>>> print(open('query-v5.cif').read())   # mmCIF, C-alpha atoms; chains and numbers go by the auth columns
data_final
loop_
_atom_site.group_PDB
_atom_site.id
_atom_site.type_symbol
_atom_site.label_atom_id
_atom_site.label_comp_id
_atom_site.label_asym_id
_atom_site.label_seq_id
_atom_site.Cartn_x
_atom_site.Cartn_y
_atom_site.Cartn_z
_atom_site.B_iso_or_equiv
_atom_site.auth_seq_id
_atom_site.auth_asym_id
ATOM 1 C CA MET A 1 -0.980 -29.073 -21.512 0.00 1 I
ATOM 2 C CA ASN A 2 -4.234 -29.725 -19.645 0.00 2 I
ATOM 3 C CA ASN A 3 -6.051 -27.346 -17.296 0.00 3 I
ATOM 4 C CA ARG A 4 -4.706 -29.048 -14.188 0.00 4 I
ATOM 5 C CA GLU A 5 -1.103 -28.538 -15.331 0.00 5 I
ATOM 6 C CA LYS A 6 -1.856 -24.898 -16.174 0.00 6 I
ATOM 7 C CA ARG A 7 -3.321 -24.359 -12.705 0.00 7 I
ATOM 8 C CA THR A 8 -0.239 -25.741 -10.959 0.00 8 I
ATOM 9 C CA MET A 9 1.967 -23.281 -12.876 0.00 9 I
ATOM 10 C CA LYS A 10 0.400 -20.351 -11.006 0.00 10 I
ATOM 11 C CA LYS A 11 2.477 -19.899 -7.875 0.00 11 I
ATOM 12 C CA ILE A 12 2.884 -17.485 -4.993 0.00 12 I
ATOM 13 C CA LEU A 13 5.655 -17.349 -2.431 0.00 13 I
ATOM 14 C CA PHE A 14 5.070 -15.310 0.721 0.00 14 I
ATOM 15 C CA TYR A 15 7.788 -13.529 2.692 0.00 15 I
ATOM 16 C CA GLY A 16 7.326 -11.657 5.984 0.00 16 I
ATOM 17 C CA ILE A 17 3.578 -12.228 6.291 0.00 17 I
ATOM 18 C CA ASP A 18 2.168 -13.088 9.717 0.00 18 I
ATOM 19 C CA TRP A 19 0.451 -16.441 10.261 0.00 19 I
ATOM 20 C CA GLN A 20 -3.071 -15.044 10.411 0.00 20 I
ATOM 21 C CA ASP A 21 -2.774 -13.212 7.082 0.00 21 I
ATOM 22 C CA LEU A 22 -0.934 -16.188 5.604 0.00 22 I
ATOM 23 C CA ALA A 23 -3.874 -18.495 6.407 0.00 23 I
ATOM 24 C CA ILE A 24 -6.287 -16.033 4.758 0.00 24 I
ATOM 25 C CA CYS A 25 -4.033 -15.706 1.690 0.00 25 I
ATOM 26 C CA ARG A 26 -3.660 -19.438 1.329 0.00 26 I
ATOM 27 C CA ALA A 27 -7.405 -20.051 1.543 0.00 27 I
ATOM 28 C CA ALA A 28 -8.007 -17.473 -1.202 0.00 28 I
ATOM 29 C CA ALA A 29 -5.159 -18.862 -3.346 0.00 29 I
ATOM 30 C CA ASP A 30 -6.448 -22.430 -2.937 0.00 30 I
ATOM 31 C CA SER A 31 -9.899 -21.355 -4.123 0.00 31 I
ATOM 32 C CA LEU A 32 -8.269 -20.062 -7.327 0.00 32 I
ATOM 33 C CA GLY A 33 -5.994 -23.058 -7.863 0.00 33 I
ATOM 34 C CA ILE A 34 -2.809 -21.164 -7.031 0.00 34 I
ATOM 35 C CA ALA A 35 0.048 -23.056 -5.362 0.00 35 I
ATOM 36 C CA THR A 36 1.644 -21.301 -2.378 0.00 36 I
ATOM 37 C CA GLY A 37 4.880 -21.536 -0.433 0.00 37 I
ATOM 38 C CA ILE A 38 6.812 -19.593 2.179 0.00 38 I
ATOM 39 C CA VAL A 39 10.333 -18.194 1.912 0.00 39 I
ATOM 40 C CA ASP A 40 12.405 -16.707 4.683 0.00 40 I
ATOM 41 C CA ASP A 41 15.883 -15.375 5.375 0.00 41 I
ATOM 42 C CA THR A 42 17.472 -18.802 4.838 0.00 42 I
ATOM 43 C CA CYS A 43 16.524 -18.379 1.151 0.00 43 I
ATOM 44 C CA LEU A 44 18.109 -14.957 0.599 0.00 44 I
ATOM 45 C CA ASP A 45 21.008 -16.292 -1.485 0.00 45 I
ATOM 46 C CA GLU A 46 18.858 -18.541 -3.699 0.00 46 I
ATOM 47 C CA PRO A 47 17.732 -17.474 -7.174 0.00 47 I
ATOM 48 C CA LEU A 48 14.067 -16.525 -7.345 0.00 48 I
ATOM 49 C CA GLU A 49 13.348 -19.026 -10.111 0.00 49 I
ATOM 50 C CA ALA A 50 14.810 -21.881 -8.036 0.00 50 I
ATOM 51 C CA LEU A 51 12.568 -20.955 -5.114 0.00 51 I
ATOM 52 C CA PHE A 52 9.514 -21.208 -7.360 0.00 52 I
ATOM 53 C CA GLU A 53 10.710 -24.604 -8.563 0.00 53 I
ATOM 54 C CA LYS A 54 11.054 -25.862 -4.960 0.00 54 I
ATOM 55 C CA MET A 55 7.899 -24.235 -3.557 0.00 55 I
ATOM 56 C CA GLY A 56 9.201 -24.934 -0.060 0.00 56 I
ATOM 57 C CA GLU A 57 7.972 -24.078 3.412 0.00 57 I
ATOM 58 C CA TYR A 58 10.739 -22.084 5.082 0.00 58 I
ATOM 59 C CA ARG A 59 9.662 -20.646 8.395 0.00 59 I
ATOM 60 C CA SER A 60 12.517 -18.988 10.254 0.00 60 I
ATOM 61 C CA PRO A 61 12.191 -15.371 11.465 0.00 61 I
ATOM 62 C CA HIS A 62 12.604 -12.606 8.890 0.00 62 I
ATOM 63 C CA ALA A 63 15.518 -10.532 10.106 0.00 63 I
ATOM 64 C CA GLY A 64 16.863 -9.395 6.734 0.00 64 I
ATOM 65 C CA THR A 65 14.619 -7.253 4.597 0.00 65 I
ATOM 66 C CA ALA A 66 11.699 -5.529 6.258 0.00 66 I
ATOM 67 C CA GLY A 67 8.299 -5.711 4.685 0.00 67 I
ATOM 68 C CA LYS A 68 5.686 -8.138 3.496 0.00 68 I
ATOM 69 C CA TYR A 69 6.053 -9.613 0.031 0.00 69 I
ATOM 70 C CA MET A 70 3.949 -11.671 -2.315 0.00 70 I
ATOM 71 C CA LEU A 71 6.173 -13.131 -5.038 0.00 71 I
ATOM 72 C CA MET A 72 4.197 -14.407 -8.036 0.00 72 I
ATOM 73 C CA ALA A 73 4.904 -16.645 -11.015 0.00 73 I
ATOM 74 C CA ASP A 74 2.573 -17.069 -14.006 0.00 74 I
ATOM 75 C CA LEU A 75 -0.319 -15.344 -12.256 0.00 75 I
ATOM 76 C CA PRO A 76 -2.604 -13.494 -14.698 0.00 76 I
ATOM 77 C CA ARG A 77 -3.615 -9.980 -13.677 0.00 77 I
ATOM 78 C CA GLU A 78 -7.326 -10.896 -13.469 0.00 78 I
ATOM 79 C CA GLU A 79 -6.570 -13.674 -11.005 0.00 79 I
ATOM 80 C CA LEU A 80 -4.316 -11.408 -8.947 0.00 80 I
ATOM 81 C CA VAL A 81 -7.134 -8.869 -8.736 0.00 81 I
ATOM 82 C CA GLU A 82 -9.594 -11.594 -7.661 0.00 82 I
ATOM 83 C CA LEU A 83 -7.109 -12.984 -5.128 0.00 83 I
ATOM 84 C CA LEU A 84 -6.578 -9.548 -3.575 0.00 84 I
ATOM 85 C CA ARG A 85 -10.346 -8.923 -3.555 0.00 85 I
ATOM 86 C CA GLN A 86 -10.911 -12.145 -1.605 0.00 86 I
ATOM 87 C CA ILE A 87 -8.086 -11.423 0.836 0.00 87 I
ATOM 88 C CA GLU A 88 -9.194 -7.837 1.462 0.00 88 I
ATOM 89 C CA ALA A 89 -12.797 -8.958 1.975 0.00 89 I
ATOM 90 C CA VAL A 90 -11.510 -10.735 5.101 0.00 90 I
ATOM 91 C CA THR A 91 -8.592 -8.527 6.204 0.00 91 I
ATOM 92 C CA GLY A 92 -9.995 -5.127 5.215 0.00 92 I
ATOM 93 C CA ASP A 93 -6.583 -3.995 4.018 0.00 93 I
ATOM 94 C CA PHE A 94 -3.772 -6.155 2.728 0.00 94 I
ATOM 95 C CA ASP A 95 -0.666 -4.060 2.235 0.00 95 I
ATOM 96 C CA VAL A 96 2.068 -6.179 0.653 0.00 96 I
ATOM 97 C CA ILE A 97 4.703 -5.515 -1.938 0.00 97 I
ATOM 98 C CA LYS A 98 3.873 -7.566 -4.997 0.00 98 I
ATOM 99 C CA VAL A 99 6.667 -8.962 -7.172 0.00 99 I
ATOM 100 C CA ALA A 100 6.249 -10.872 -10.423 0.00 100 I
ATOM 101 C CA LEU A 101 8.826 -13.361 -11.665 0.00 101 I
ATOM 102 C CA THR A 102 10.329 -11.836 -14.826 0.00 102 I
ATOM 103 C CA ASP A 103 13.075 -12.640 -17.283 0.00 103 I
ATOM 104 C CA THR A 104 15.090 -9.904 -15.573 0.00 104 I
ATOM 105 C CA ASN A 105 14.777 -11.082 -11.955 0.00 105 I
ATOM 106 C CA ARG A 106 14.469 -14.863 -12.332 0.00 106 I
ATOM 107 C CA HIS A 107 18.196 -15.461 -11.700 0.00 107 I
ATOM 108 C CA TRP A 108 18.597 -12.820 -8.997 0.00 108 I
ATOM 109 C CA PRO A 109 19.040 -13.986 -5.413 0.00 109 I
ATOM 110 C CA LEU A 110 15.974 -13.400 -3.262 0.00 110 I
ATOM 111 C CA SER A 111 17.853 -10.726 -1.280 0.00 111 I
ATOM 112 C CA ARG A 112 18.349 -8.621 -4.421 0.00 112 I
ATOM 113 C CA VAL A 113 14.729 -9.086 -5.499 0.00 113 I
ATOM 114 C CA LEU A 114 13.489 -7.916 -2.087 0.00 114 I
ATOM 115 C CA GLN A 115 15.882 -4.958 -1.883 0.00 115 I
ATOM 116 C CA GLU A 116 15.257 -3.660 -5.391 0.00 116 I
ATOM 117 C CA THR A 117 11.516 -4.133 -5.114 0.00 117 I
ATOM 118 C CA ALA A 118 11.424 -2.331 -1.754 0.00 118 I
ATOM 119 C CA GLN A 119 13.317 0.574 -3.330 0.00 119 I
ATOM 120 C CA GLU A 120 10.956 0.694 -6.332 0.00 120 I
ATOM 121 C CA HIS A 121 7.964 0.521 -3.978 0.00 121 I
ATOM 122 C CA MET A 122 9.279 3.456 -1.948 0.00 122 I
ATOM 123 C CA VAL A 123 9.822 5.522 -5.101 0.00 123 I
ATOM 124 C CA MET A 124 6.296 4.740 -6.305 0.00 124 I
ATOM 125 C CA GLN A 125 4.859 5.778 -2.926 0.00 125 I
ATOM 126 C CA LYS A 126 6.702 9.077 -3.289 0.00 126 I
ATOM 127 C CA ALA A 127 5.266 9.480 -6.804 0.00 127 I
ATOM 128 C CA VAL A 128 1.766 8.990 -5.370 0.00 128 I
ATOM 129 C CA LEU A 129 2.514 11.592 -2.694 0.00 129 I
ATOM 130 C CA LEU A 130 3.685 14.050 -5.361 0.00 130 I
ATOM 131 C CA GLN A 131 0.480 13.415 -7.307 0.00 131 I
ATOM 132 C CA GLN A 132 -1.570 14.195 -4.177 0.00 132 I
ATOM 133 C CA VAL A 133 0.409 17.381 -3.548 0.00 133 I
ATOM 134 C CA ILE A 134 -0.127 18.480 -7.160 0.00 134 I
ATOM 135 C CA MET A 135 -3.863 17.891 -6.744 0.00 135 I
ATOM 136 C CA ALA A 136 -3.823 20.040 -3.613 0.00 136 I
ATOM 137 C CA CYS A 137 -2.012 22.736 -5.594 0.00 137 I
ATOM 138 C CA ASN A 138 -4.746 22.743 -8.230 0.00 138 I
ATOM 139 C CA SER A 139 -7.095 24.469 -5.803 0.00 139 I
ATOM 140 C CA LEU A 140 -4.482 27.045 -4.824 0.00 140 I
ATOM 141 C CA ASP A 141 -5.328 30.669 -5.482 0.00 141 I
ATOM 142 C CA MET A 142 -2.063 32.032 -6.841 0.00 142 I
ATOM 143 C CA THR A 143 -3.035 35.554 -5.842 0.00 143 I
ATOM 144 C CA GLN A 144 -2.333 34.413 -2.276 0.00 144 I
ATOM 145 C CA LEU A 145 1.322 33.854 -3.169 0.00 145 I
ATOM 146 C CA ARG A 146 3.906 36.569 -3.074 0.00 146 I
ATOM 147 C CA PRO A 147 4.639 37.741 -6.639 0.00 147 I
ATOM 148 C CA GLU A 148 8.239 36.528 -6.419 0.00 148 I
ATOM 149 C CA ASP A 149 6.984 33.026 -5.481 0.00 149 I
ATOM 150 C CA THR A 150 4.489 32.654 -8.327 0.00 150 I
ATOM 151 C CA GLU A 151 7.048 31.847 -11.035 0.00 151 I
ATOM 152 C CA ALA A 152 8.916 29.364 -8.830 0.00 152 I
ATOM 153 C CA PHE A 153 5.618 27.722 -7.919 0.00 153 I
ATOM 154 C CA LYS A 154 4.599 27.349 -11.570 0.00 154 I
ATOM 155 C CA LYS A 155 8.003 25.896 -12.438 0.00 155 I
ATOM 156 C CA SER A 156 7.855 23.334 -9.599 0.00 156 I
ATOM 157 C CA LEU A 157 4.291 22.410 -10.493 0.00 157 I
ATOM 158 C CA MET A 158 5.190 21.844 -14.155 0.00 158 I
ATOM 159 C CA THR A 159 8.310 19.872 -13.234 0.00 159 I
ATOM 160 C CA GLY A 160 6.295 17.579 -10.949 0.00 160 I
ATOM 161 C CA TYR A 161 3.544 17.160 -13.509 0.00 161 I
ATOM 162 C CA MET A 162 6.034 16.246 -16.261 0.00 162 I
ATOM 163 C CA MET A 163 7.876 13.808 -13.982 0.00 163 I
ATOM 164 C CA LEU A 164 4.661 11.926 -13.311 0.00 164 I
ATOM 165 C CA LYS A 165 3.386 12.120 -16.884 0.00 165 I
ATOM 166 C CA THR A 166 6.587 10.776 -18.440 0.00 166 I
ATOM 167 C CA GLY A 167 7.450 8.385 -15.603 0.00 167 I
ATOM 168 C CA THR A 168 11.025 9.652 -15.639 0.00 168 I
ATOM 169 C CA PHE A 169 11.863 10.434 -12.054 0.00 169 I
ATOM 170 C CA THR A 170 14.247 9.557 -9.300 0.00 170 I
ATOM 171 C CA GLU A 171 13.627 9.364 -5.595 0.00 171 I
ATOM 172 C CA ALA A 172 15.699 12.507 -5.033 0.00 172 I
ATOM 173 C CA GLY A 173 13.824 14.364 -7.777 0.00 173 I
ATOM 174 C CA LEU A 174 10.454 13.383 -6.331 0.00 174 I
ATOM 175 C CA ASP A 175 11.561 14.474 -2.860 0.00 175 I
ATOM 176 C CA ARG A 176 12.850 17.824 -4.136 0.00 176 I
ATOM 177 C CA VAL A 177 9.739 18.749 -6.146 0.00 177 I
ATOM 178 C CA THR A 178 7.359 17.524 -3.438 0.00 178 I
ATOM 179 C CA GLU A 179 9.147 19.642 -0.825 0.00 179 I
ATOM 180 C CA GLU A 180 9.128 22.695 -3.118 0.00 180 I
ATOM 181 C CA LEU A 181 5.382 22.359 -3.692 0.00 181 I
ATOM 182 C CA MET A 182 4.724 21.734 0.011 0.00 182 I
ATOM 183 C CA GLU A 183 6.614 24.934 0.789 0.00 183 I
ATOM 184 C CA HIS A 184 4.424 26.853 -1.677 0.00 184 I
ATOM 185 C CA LEU A 185 1.325 25.366 -0.060 0.00 185 I
ATOM 186 C CA ARG A 186 2.601 26.348 3.401 0.00 186 I
ATOM 187 C CA ARG A 187 3.212 29.891 2.215 0.00 187 I
ATOM 188 C CA SER A 188 -0.330 30.061 0.910 0.00 188 I
ATOM 189 C CA ARG A 189 -1.527 28.620 4.236 0.00 189 I
ATOM 190 C CA LYS A 190 -3.011 25.494 2.605 0.00 190 I
ATOM 191 C CA VAL A 191 -0.777 23.319 4.803 0.00 191 I
ATOM 192 C CA PRO A 192 -0.159 24.080 8.477 0.00 192 I
ATOM 193 C CA ASP A 193 3.451 24.503 9.599 0.00 193 I
#
>>> encode(input="query-v5.cif", output="structure tokens")
Amino acid sequence: MNNREKRTMKKILFYGIDWQDLAICRAAADSLGIATGIVDDTCLDEPLEALFEKMGEYRSPHAGTAGKYMLMADLPREELVELLRQIEAVTGDFDVIKVALTDTNRHWPLSRVLQETAQEHMVMQKAVLLQQVIMACNSLDMTQLRPEDTEAFKKSLMTGYMMLKTGTFTEAGLDRVTEELMEHLRRSRKVPD
């Protein structure tokens, strides 16, 4: 396989991205030899792999799944980082949900890929929030807590820390521990009511 064939294997499909950002993304992708296409709600029942094979230009409104997606096939991490660097140099901030074609999702319909990825993205955002709350707790003077709250605070802090360290968490678990820690911070007056 020659270099030209390798370059055409790298592909990105965009979903839900406005025309201005799409033009910026395409210019950056072209500079890196990455093929691009657009998918929309008319593609929701098609398998992800088939969409990458077609590399079509579907342009109807996106009424189904909310969000902006960048679906990628055979894109090395280094090139993704460079692509995002180029895009963000122009846009300042490019907040999209990134999805790689995998053995697991290649036969899924686009609707399932978008829904499951959106759910995973939401859970990861909640994990980042928990991490930020734990960092805020690190500067907490426990002498400011009521004695009966100190043990509960330590337990919540350790539970949150272990969730993040092991990567074994659910959305409900993240929500519960984050709220417990936020309550401890409120009681210590680190967070306004």
>>> axis_aligned_box(input="query-v5.cif", around="region 71-83 of chain I", padding_each_side="4 Å", output="AutoDock Vina command-line options")
--center_x -1.7 --center_y -13.0 --center_z -9.9 --size_x 23.8 --size_y 16.2 --size_z 17.7
>>> resolve_selection(input="query-v5.cif", expression="the PyMOL selection byres ((chain I and resi 160) around 10)", output="PyMOL selection string")
chain I and resi 127+130-131+133-134+154-159+161-165+169+173-174+176-178+180-181
>>> residues_around(input="query-v5.cif", residues="Val123 (chain I)", least_positions_apart="4", cutoff="10 Å", atoms="only C-alpha atoms", output="ChimeraX atom specification")
/I:117-119,127-129,169-172,174-175
>>> resolve_selection(input="query-v5.cif", expression="the PyMOL selection byres ((chain I and resi 29) around 12)", output="tab-separated table (two decimals) with C-alpha atoms, in the frame of the given file")
chain	number	residue	atom	x	y	z
I	7	ARG	CA	-3.32	-24.36	-12.70
I	8	THR	CA	-0.24	-25.74	-10.96
I	10	LYS	CA	0.40	-20.35	-11.01
I	11	LYS	CA	2.48	-19.90	-7.88
I	12	ILE	CA	2.88	-17.48	-4.99
I	13	LEU	CA	5.66	-17.35	-2.43
I	14	PHE	CA	5.07	-15.31	0.72
I	22	LEU	CA	-0.93	-16.19	5.60
I	23	ALA	CA	-3.87	-18.50	6.41
I	24	ILE	CA	-6.29	-16.03	4.76
I	25	CYS	CA	-4.03	-15.71	1.69
I	26	ARG	CA	-3.66	-19.44	1.33
I	27	ALA	CA	-7.40	-20.05	1.54
I	28	ALA	CA	-8.01	-17.47	-1.20
I	30	ASP	CA	-6.45	-22.43	-2.94
I	31	SER	CA	-9.90	-21.36	-4.12
I	32	LEU	CA	-8.27	-20.06	-7.33
I	33	GLY	CA	-5.99	-23.06	-7.86
I	34	ILE	CA	-2.81	-21.16	-7.03
I	35	ALA	CA	0.05	-23.06	-5.36
I	36	THR	CA	1.64	-21.30	-2.38
I	37	GLY	CA	4.88	-21.54	-0.43
I	70	MET	CA	3.95	-11.67	-2.32
I	72	MET	CA	4.20	-14.41	-8.04
I	75	LEU	CA	-0.32	-15.34	-12.26
I	79	GLU	CA	-6.57	-13.67	-11.00
I	80	LEU	CA	-4.32	-11.41	-8.95
I	81	VAL	CA	-7.13	-8.87	-8.74
I	82	GLU	CA	-9.59	-11.59	-7.66
I	83	LEU	CA	-7.11	-12.98	-5.13
I	84	LEU	CA	-6.58	-9.55	-3.58
I	85	ARG	CA	-10.35	-8.92	-3.56
I	86	GLN	CA	-10.91	-12.14	-1.60
I	87	ILE	CA	-8.09	-11.42	0.84
>>> closest_residue(input="query-v5.cif", among="I:Phe52, I:Tyr15, I:Trp108, I:Phe94", to="Lys68 (chain I)", atoms="only C-alpha atoms")
I:Tyr15
